[in-house]
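Participant: Got a structure for you, questions after.
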Amino acid sequence: MTETDEAFRQMMEGYGLTTAQIFYYRPDARHLLAEFVWQFYDIHPKFPRLWNFLEFWNTSIEGPINSVVIAHARLIRPSEWRVIDKEFLLH
């Protein structure tokens, strides 16, 4: 299965594109904030992949997190699928 097939399968199962804007304190200068953008397919509202990533960050990365802003969009919705039962030929 290709990466495109996997992404499509996830979208059909309810996954949507999740973007997390992570603001963290720089390890070398704790008074400065830096930004990291994380983007992946995840499930709203529990966001299991995002929580796993944030847990990894807290245990493995020295820069403590200040805040996280989350945006989520389902890319395929049931209303976008229609059954077509007619065919029109031109020319």
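Identifiers in the structure tokens: chain A, B, ... in order shown; residue index from 1 per chain; ligand index from 1 in order shown.
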Could you give me the residues within range 11-91 of chain A that DSSP places in alpha helix (DSSP H), as a PDB file with N, CA, C and O atoms, in the first residue's frame?

Facilitator:
```pdb
ATOM      1  N   MET A  11      -8.415   9.195   5.865  1.00  0.00           N
ATOM      2  CA  MET A  11      -9.441  10.223   5.691  1.00  0.00           C
ATOM      3  C   MET A  11     -10.833   9.601   5.677  1.00  0.00           C
ATOM      4  O   MET A  11     -11.777  10.151   6.235  1.00  0.00           O
ATOM      5  N   MET A  12     -10.970   8.435   5.061  1.00  0.00           N
ATOM      6  CA  MET A  12     -12.269   7.755   5.024  1.00  0.00           C
ATOM      7  C   MET A  12     -12.675   7.254   6.410  1.00  0.00           C
ATOM      8  O   MET A  12     -13.859   7.085   6.684  1.00  0.00           O
ATOM      9  N   PRO A  48      -5.066  11.484  19.383  1.00  0.00           N
ATOM     10  CA  PRO A  48      -4.109  10.547  19.990  1.00  0.00           C
ATOM     11  C   PRO A  48      -2.678  10.707  19.473  1.00  0.00           C
ATOM     12  O   PRO A  48      -1.725  10.595  20.241  1.00  0.00           O
ATOM     13  N   ARG A  49      -2.494  10.960  18.180  1.00  0.00           N
ATOM     14  CA  ARG A  49      -1.130  11.115  17.652  1.00  0.00           C
ATOM     15  C   ARG A  49      -0.467  12.378  18.199  1.00  0.00           C
ATOM     16  O   ARG A  49       0.713  12.382  18.519  1.00  0.00           O
ATOM     17  N   LEU A  50      -1.239  13.460  18.285  1.00  0.00           N
ATOM     18  CA  LEU A  50      -0.693  14.705  18.822  1.00  0.00           C
ATOM     19  C   LEU A  50      -0.304  14.532  20.278  1.00  0.00           C
ATOM     20  O   LEU A  50       0.777  14.956  20.690  1.00  0.00           O
ATOM     21  N   TRP A  51      -1.160  13.900  21.080  1.00  0.00           N
ATOM     22  CA  TRP A  51      -0.832  13.693  22.500  1.00  0.00           C
ATOM     23  C   TRP A  51       0.405  12.823  22.647  1.00  0.00           C
ATOM     24  O   TRP A  51       1.236  13.064  23.538  1.00  0.00           O
ATOM     25  N   ASN A  52       0.550  11.796  21.789  1.00  0.00           N
ATOM     26  CA  ASN A  52       1.767  10.970  21.836  1.00  0.00           C
ATOM     27  C   ASN A  52       3.005  11.804  21.509  1.00  0.00           C
ATOM     28  O   ASN A  52       4.039  11.656  22.146  1.00  0.00           O
ATOM     29  N   PHE A  53       2.885  12.685  20.517  1.00  0.00           N
ATOM     30  CA  PHE A  53       4.016  13.535  20.164  1.00  0.00           C
ATOM     31  C   PHE A  53       4.358  14.495  21.308  1.00  0.00           C
ATOM     32  O   PHE A  53       5.529  14.674  21.647  1.00  0.00           O
ATOM     33  N   LEU A  54       3.344  15.107  21.925  1.00  0.00           N
ATOM     34  CA  LEU A  54       3.599  16.032  23.028  1.00  0.00           C
ATOM     35  C   LEU A  54       4.199  15.312  24.233  1.00  0.00           C
ATOM     36  O   LEU A  54       5.054  15.857  24.929  1.00  0.00           O
ATOM     37  N   GLU A  55       3.779  14.071  24.458  1.00  0.00           N
ATOM     38  CA  GLU A  55       4.376  13.274  25.533  1.00  0.00           C
ATOM     39  C   GLU A  55       5.850  12.986  25.231  1.00  0.00           C
ATOM     40  O   GLU A  55       6.706  13.098  26.109  1.00  0.00           O
ATOM     41  N   PHE A  56       6.136  12.638  23.969  1.00  0.00           N
ATOM     42  CA  PHE A  56       7.527  12.434  23.552  1.00  0.00           C
ATOM     43  C   PHE A  56       8.333  13.710  23.763  1.00  0.00           C
ATOM     44  O   PHE A  56       9.450  13.674  24.266  1.00  0.00           O
ATOM     45  N   TRP A  57       7.765  14.850  23.386  1.00  0.00           N
ATOM     46  CA  TRP A  57       8.448  16.142  23.539  1.00  0.00           C
ATOM     47  C   TRP A  57       8.802  16.369  25.010  1.00  0.00           C
ATOM     48  O   TRP A  57       9.931  16.727  25.334  1.00  0.00           O
ATOM     49  N   ASN A  58       7.837  16.163  25.895  1.00  0.00           N
ATOM     50  CA  ASN A  58       8.067  16.422  27.321  1.00  0.00           C
ATOM     51  C   ASN A  58       9.126  15.512  27.925  1.00  0.00           C
ATOM     52  O   ASN A  58       9.842  15.916  28.843  1.00  0.00           O
ATOM     53  N   THR A  59       9.268  14.305  27.420  1.00  0.00           N
ATOM     54  CA  THR A  59      10.238  13.370  27.989  1.00  0.00           C
ATOM     55  C   THR A  59      11.599  13.407  27.301  1.00  0.00           C
ATOM     56  O   THR A  59      12.593  13.043  27.911  1.00  0.00           O
ATOM     57  N   SER A  60      11.651  13.870  26.032  1.00  0.00           N
ATOM     58  CA  SER A  60      12.888  13.744  25.273  1.00  0.00           C
ATOM     59  C   SER A  60      13.524  15.052  24.813  1.00  0.00           C
ATOM     60  O   SER A  60      14.688  15.058  24.431  1.00  0.00           O
TER      61      SER A  60
END
```

Participant: As a PyMOL selection string, please: the residues near Ala29 in chain A (cut-off 12 Å, only C-alpha atoms, same-chain neighbours under 3 positions excluded).

Facilitator: chain A and resi 24-26+32-34+62-64

Participant: Mind giving me the straight-line distance from CA of Leu17 in chain A to CA of Gln39 in chain A in Å, one decimal?

Facilitator: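 Atom-to-atom, CA of Leu17 in chain A and CA of Gln39 in chain A are spaced 7.1 Å apart.
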
Participant: If we count only C-alpha atoms, what is near Val68 in chain A at a cut-off of 8 Å, once residues fewer than 5 positions away on the same chain are taken out, given as a list of chain:residue names?

Facilitator: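 Near neighbours after the sequence-gap exclusion: A:Ala20, A:Gln21, A:Ile22, A:Phe23.
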
Participant: If you run DSSP on the backbone, which residues of range 9-67 of chain A are strand (DSSP E), as a ChimeraX atom specification?

Facilitator: /A:16-26,29-42,65-67

Participant: Only N, CA and C atoms, please: the residues just picked out, written as a PDB file, in the first residue's frame.

Facilitator:
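File written: result.pdb
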```pdb
ATOM      1  N   GLY A  16      -8.468  13.637  10.072  1.00  0.00           N
ATOM      2  CA  GLY A  16      -8.389  14.921   9.391  1.00  0.00           C
ATOM      3  C   GLY A  16      -6.994  15.488   9.562  1.00  0.00           C
ATOM      4  N   LEU A  17      -6.682  16.490   8.777  1.00  0.00           N
ATOM      5  CA  LEU A  17      -5.370  17.114   8.860  1.00  0.00           C
ATOM      6  C   LEU A  17      -5.324  17.984  10.112  1.00  0.00           C
ATOM      7  N   THR A  18      -4.401  17.677  10.992  1.00  0.00           N
ATOM      8  CA  THR A  18      -4.245  18.406  12.247  1.00  0.00           C
ATOM      9  C   THR A  18      -2.923  19.152  12.214  1.00  0.00           C
ATOM     10  N   THR A  19      -2.992  20.420  12.535  1.00  0.00           N
ATOM     11  CA  THR A  19      -1.793  21.253  12.613  1.00  0.00           C
ATOM     12  C   THR A  19      -1.680  21.779  14.033  1.00  0.00           C
ATOM     13  N   ALA A  20      -0.534  21.575  14.640  1.00  0.00           N
ATOM     14  CA  ALA A  20      -0.278  22.076  15.995  1.00  0.00           C
ATOM     15  C   ALA A  20       0.862  23.079  15.927  1.00  0.00           C
ATOM     16  N   GLN A  21       0.602  24.252  16.429  1.00  0.00           N
ATOM     17  CA  GLN A  21       1.611  25.306  16.509  1.00  0.00           C
ATOM     18  C   GLN A  21       2.104  25.268  17.960  1.00  0.00           C
ATOM     19  N   ILE A  22       3.323  24.792  18.146  1.00  0.00           N
ATOM     20  CA  ILE A  22       3.874  24.572  19.482  1.00  0.00           C
ATOM     21  C   ILE A  22       4.856  25.698  19.802  1.00  0.00           C
ATOM     22  N   PHE A  23       4.564  26.434  20.857  1.00  0.00           N
ATOM     23  CA  PHE A  23       5.470  27.473  21.336  1.00  0.00           C
ATOM     24  C   PHE A  23       6.223  26.910  22.531  1.00  0.00           C
ATOM     25  N   TYR A  24       7.544  26.991  22.486  1.00  0.00           N
ATOM     26  CA  TYR A  24       8.361  26.406  23.549  1.00  0.00           C
ATOM     27  C   TYR A  24       9.496  27.355  23.904  1.00  0.00           C
ATOM     28  N   TYR A  25       9.999  27.182  25.115  1.00  0.00           N
ATOM     29  CA  TYR A  25      11.149  27.974  25.558  1.00  0.00           C
ATOM     30  C   TYR A  25      12.417  27.339  25.022  1.00  0.00           C
ATOM     31  N   ARG A  26      13.282  28.141  24.469  1.00  0.00           N
ATOM     32  CA  ARG A  26      14.535  27.627  23.928  1.00  0.00           C
ATOM     33  C   ARG A  26      15.404  27.089  25.064  1.00  0.00           C
ATOM     34  N   ALA A  29      18.234  29.527  25.911  1.00  0.00           N
ATOM     35  CA  ALA A  29      17.829  30.862  26.374  1.00  0.00           C
ATOM     36  C   ALA A  29      16.385  30.771  26.854  1.00  0.00           C
ATOM     37  N   ARG A  30      16.190  30.403  28.097  1.00  0.00           N
ATOM     38  CA  ARG A  30      14.855  30.112  28.640  1.00  0.00           C
ATOM     39  C   ARG A  30      13.901  31.308  28.629  1.00  0.00           C
ATOM     40  N   HIS A  31      14.409  32.493  28.373  1.00  0.00           N
ATOM     41  CA  HIS A  31      13.545  33.669  28.322  1.00  0.00           C
ATOM     42  C   HIS A  31      13.015  33.935  26.904  1.00  0.00           C
ATOM     43  N   LEU A  32      13.430  33.134  25.912  1.00  0.00           N
ATOM     44  CA  LEU A  32      12.981  33.291  24.535  1.00  0.00           C
ATOM     45  C   LEU A  32      12.047  32.167  24.123  1.00  0.00           C
ATOM     46  N   LEU A  33      10.983  32.522  23.409  1.00  0.00           N
ATOM     47  CA  LEU A  33      10.060  31.520  22.872  1.00  0.00           C
ATOM     48  C   LEU A  33      10.431  31.221  21.423  1.00  0.00           C
ATOM     49  N   ALA A  34      10.272  29.982  21.034  1.00  0.00           N
ATOM     50  CA  ALA A  34      10.445  29.558  19.643  1.00  0.00           C
ATOM     51  C   ALA A  34       9.167  28.839  19.228  1.00  0.00           C
ATOM     52  N   GLU A  35       9.037  28.610  17.931  1.00  0.00           N
ATOM     53  CA  GLU A  35       7.827  27.978  17.414  1.00  0.00           C
ATOM     54  C   GLU A  35       8.194  26.740  16.604  1.00  0.00           C
ATOM     55  N   PHE A  36       7.400  25.687  16.773  1.00  0.00           N
ATOM     56  CA  PHE A  36       7.551  24.458  15.999  1.00  0.00           C
ATOM     57  C   PHE A  36       6.166  24.113  15.463  1.00  0.00           C
ATOM     58  N   VAL A  37       6.068  23.793  14.180  1.00  0.00           N
ATOM     59  CA  VAL A  37       4.776  23.436  13.588  1.00  0.00           C
ATOM     60  C   VAL A  37       4.783  21.946  13.288  1.00  0.00           C
ATOM     61  N   TRP A  38       3.790  21.246  13.816  1.00  0.00           N
ATOM     62  CA  TRP A  38       3.631  19.804  13.640  1.00  0.00           C
ATOM     63  C   TRP A  38       2.357  19.573  12.840  1.00  0.00           C
ATOM     64  N   GLN A  39       2.411  18.708  11.818  1.00  0.00           N
ATOM     65  CA  GLN A  39       1.233  18.463  11.004  1.00  0.00           C
ATOM     66  C   GLN A  39       1.142  16.985  10.664  1.00  0.00           C
ATOM     67  N   PHE A  40      -0.039  16.415  10.895  1.00  0.00           N
ATOM     68  CA  PHE A  40      -0.245  14.998  10.658  1.00  0.00           C
ATOM     69  C   PHE A  40      -1.738  14.726  10.575  1.00  0.00           C
ATOM     70  N   TYR A  41      -2.113  13.546  10.111  1.00  0.00           N
ATOM     71  CA  TYR A  41      -3.514  13.136  10.154  1.00  0.00           C
ATOM     72  C   TYR A  41      -3.818  12.611  11.546  1.00  0.00           C
ATOM     73  N   ASP A  42      -4.912  13.109  12.139  1.00  0.00           N
ATOM     74  CA  ASP A  42      -5.282  12.713  13.491  1.00  0.00           C
ATOM     75  C   ASP A  42      -6.796  12.745  13.623  1.00  0.00           C
ATOM     76  N   ILE A  65       7.428  23.236  26.837  1.00  0.00           N
ATOM     77  CA  ILE A  65       6.337  23.798  26.041  1.00  0.00           C
ATOM     78  C   ILE A  65       5.650  24.909  26.822  1.00  0.00           C
ATOM     79  N   ASN A  66       5.406  26.026  26.136  1.00  0.00           N
ATOM     80  CA  ASN A  66       4.658  27.141  26.711  1.00  0.00           C
ATOM     81  C   ASN A  66       3.182  27.010  26.371  1.00  0.00           C
ATOM     82  N   SER A  67       2.863  26.770  25.092  1.00  0.00           N
ATOM     83  CA  SER A  67       1.468  26.651  24.670  1.00  0.00           C
ATOM     84  C   SER A  67       1.390  25.920  23.341  1.00  0.00           C
TER      85      SER A  67
END
```

Participant: Report, in Å to a single decimal, how far apart CA of Lys46 in chain A and CA of Val69 in chain A are.

Facilitator: 14.5 Å

Participant: So which one's closest to Gly14 in chain A, A:Ile61, A:Thr2, A:Ile70, A:Ile43? Using only C-alpha atoms, please.

Facilitator: A:Ile43
